[in-house]
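Just below is one structure, and these are the notes that go with it.
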Amino acid sequence: MDSQVMVALGLSLVGGVSTSIGALFVILNRTPNLKMLGLLQGFAAGLMLSISFLDLAHNAINSIGFLKGNLWFFAGVVFFAVVVGFIPEPTLAPGSEVKNKKNGVEGRQDTMRKHRRQVLFSGIITAVGISLHNFPEGMAVFLGSMKGLRVGLNLAIAIALHNIPEGVAVALPVYFATQSKWKAFKLATLSGFAEPLGVIIVAYVFPSNLNPEILEGLLGSVGGVMAFLTLHEMLPLAFDYAGPKQAVKAVFFGMAFMSASLYFLEISLPKDMSL
């Protein structure tokens with residue numbers, strides 16, 4: 001394997017493993033109550049919306065034009081709206097309403113099981129969305145390291161700091177739903193491995209014949225997918241558990257946090273590169 005690729009792979013692992021650090025913040029603390037979970041789901045939704053609209057869709061529109069960028073974005077929305085239509089919504093078991101009346105304890109247990117299924121689904125969605133977002137970051141680390149070790153290292157450190165809250169966003173709902181620290185840590189860590197995967201693919205699969213317009217369009221579609229799933233799955237949970245007013249505040253805090261993170265990441269890039 002080429003030494004430059006090895007360096008880029010090592011630097012991307014620094015960024016990828018930082019999602020594990022975010023997961024550690026979650027699993028080293030006690031499982032949050034439903035209100036705290038709702039606030040953190042709102043925060044995670046803000047992260048996802050900021051990535052979707054202010055990063056992926058924004059870059060697609062700037063790179064391939066307003067019309068094409070929007071077409072790719074809404075193609076992602078429609079595609080995942082169809083996919084989600086085939087995924088059964090977590091529901092209470094038949095007859096659970098009768099149980100609720102006869103036995104309040106069993107009814108509360110059924111409700112909590114439903115909450116956990118919904119939250120687990122939300123966590124898996126977050127992991128997939130963040131993995132897709134991390135993939136081009138791995139490409140950026142590879143390209144930056146090709147320009148020089150200093151550029152690649154600065155970029156890897158910026159991405160690592162940027163990825164810590166993403167690890168929290170993935171691990172938190174999984175930990176709440178499964179009560180398993182290992183599962184939460186594992187899924188958050190796997191979502192970070194999309195970065196070294198991006199290095200490997202850009203270096204060996206299509207290093208010279210990658211069509212930039214198609215890549216930007218696909219990333220715009222990823223933005224559409226993330227926006228749809230955030231609004232369809234994560235925000236309703238945040239509203240249910242934390243209340244609309246508190247959830248909205250958490251969403252905007254998450255958006256502001258991720259926007260600041262993307263800004264500091266952007267200024268660490270060379271002038272002729274962008275994520």
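Naming scheme: A, B, ... for chains in displayed order of the structure tokens; residues 1 onward per chain; ligands 1 onward as shown.
Once A:Trp182 and its same-chain neighbours fewer than 6 positions away are set aside, Ala23, Ile27, Ala171, Val174, Tyr175 and Ala188 of chain A remain within 10 Å of it when counting only C-alpha atoms.
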Neighbour list for A:Ala160 as an MDAnalysis selection string, cut-off 9 Å, only C-alpha atoms, skip fewer than 4 positions in-chain: chainID A and resid 12 14:19 155:156 164
Could you dump the residues just selected with N, CA and C atoms as an mmCIF file, in the first residue's frame?
data_model
loop_
_atom_site.group_PDB
_atom_site.id
_atom_site.type_symbol
_atom_site.label_atom_id
_atom_site.label_comp_id
_atom_site.auth_asym_id
_atom_site.auth_seq_id
_atom_site.Cartn_x
_atom_site.Cartn_y
_atom_site.Cartn_z
ATOM 1 N N SER A 12 -7.371 9.538 8.903
ATOM 2 C CA SER A 12 -8.828 9.387 8.878
ATOM 3 C C SER A 12 -9.307 8.545 10.057
ATOM 4 N N VAL A 14 -8.062 8.722 13.004
ATOM 5 C CA VAL A 14 -8.121 9.656 14.136
ATOM 6 C C VAL A 14 -9.505 10.311 14.188
ATOM 7 N N GLY A 15 -9.976 10.774 13.019
ATOM 8 C CA GLY A 15 -11.304 11.379 12.961
ATOM 9 C C GLY A 15 -12.403 10.381 13.227
ATOM 10 N N GLY A 16 -12.253 9.164 12.651
ATOM 11 C CA GLY A 16 -13.294 8.163 12.826
ATOM 12 C C GLY A 16 -13.431 7.693 14.264
ATOM 13 N N VAL A 17 -12.293 7.474 14.940
ATOM 14 C CA VAL A 17 -12.326 6.981 16.312
ATOM 15 C C VAL A 17 -12.906 8.014 17.273
ATOM 16 N N SER A 18 -12.902 9.277 16.886
ATOM 17 C CA SER A 18 -13.446 10.308 17.781
ATOM 18 C C SER A 18 -14.943 10.123 18.029
ATOM 19 N N THR A 19 -15.645 9.436 17.122
ATOM 20 C CA THR A 19 -17.051 9.114 17.417
ATOM 21 C C THR A 19 -17.137 8.196 18.632
ATOM 22 N N LEU A 155 -6.503 18.926 9.264
ATOM 23 C CA LEU A 155 -7.858 18.546 8.875
ATOM 24 C C LEU A 155 -8.367 17.391 9.728
ATOM 25 N N ALA A 156 -7.501 16.401 9.998
ATOM 26 C CA ALA A 156 -7.908 15.251 10.807
ATOM 27 C C ALA A 156 -8.288 15.679 12.218
ATOM 28 N N ILE A 164 -17.035 14.261 17.646
ATOM 29 C CA ILE A 164 -17.375 13.828 19.002
ATOM 30 C C ILE A 164 -18.879 13.941 19.287
#
Can you list every residue of stretch 117-192 of chain A that has an atom at most 9 Å from stretch 218-236 of chain A, with its nearest atom pair and the distance in Å to one decimal, using only C-alpha atoms, ordered by chain then number, as JSON lines?
{"residue": "A:Gln118", "atom": "CA", "partner": "A:Glu233", "partner_atom": "CA", "distance": 8.2}
{"residue": "A:Val119", "atom": "CA", "partner": "A:Met234", "partner_atom": "CA", "distance": 8.3}
{"residue": "A:Phe121", "atom": "CA", "partner": "A:Glu233", "partner_atom": "CA", "distance": 8.3}
{"residue": "A:Ser122", "atom": "CA", "partner": "A:Met234", "partner_atom": "CA", "distance": 6.0}
{"residue": "A:Gly123", "atom": "CA", "partner": "A:Met234", "partner_atom": "CA", "distance": 8.8}
{"residue": "A:Ile125", "atom": "CA", "partner": "A:Leu229", "partner_atom": "CA", "distance": 7.2}
{"residue": "A:Thr126", "atom": "CA", "partner": "A:Thr230", "partner_atom": "CA", "distance": 8.2}
{"residue": "A:Val128", "atom": "CA", "partner": "A:Met226", "partner_atom": "CA", "distance": 8.9}
{"residue": "A:Gly129", "atom": "CA", "partner": "A:Met226", "partner_atom": "CA", "distance": 5.8}
{"residue": "A:Ile130", "atom": "CA", "partner": "A:Met226", "partner_atom": "CA", "distance": 8.6}
{"residue": "A:Leu132", "atom": "CA", "partner": "A:Val222", "partner_atom": "CA", "distance": 7.0}
{"residue": "A:His133", "atom": "CA", "partner": "A:Val222", "partner_atom": "CA", "distance": 7.8}
{"residue": "A:Pro136", "atom": "CA", "partner": "A:Leu219", "partner_atom": "CA", "distance": 8.4}
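Atom pair atom CA of A:Val202 / atom CA of A:Met139 has a distance of 6.3 Å (rounded to one decimal).
Picture a line from atom CA of A:Gly192 to atom CA of A:Ser63; it runs 25.8 Å.
Among the candidates A:Gly69, A:Gly10, A:Gly22, A:Gly152, the one nearest to A:Leu215 when counting only C-alpha atoms is A:Gly69.
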Surrounding residues of stretch 249-253 of chain A excluding itself and chain neighbours under 4 positions, 6 Å, only C-alpha atoms, as a ChimeraX atom specification: /A:39,42-43,45-46
Long-range neighbours of stretch 261-263 of chain A as a list in words, 6 Å cut-off, only C-alpha atoms, 3 positions minimum in chain: His162, Met258 and Glu266 of chain A
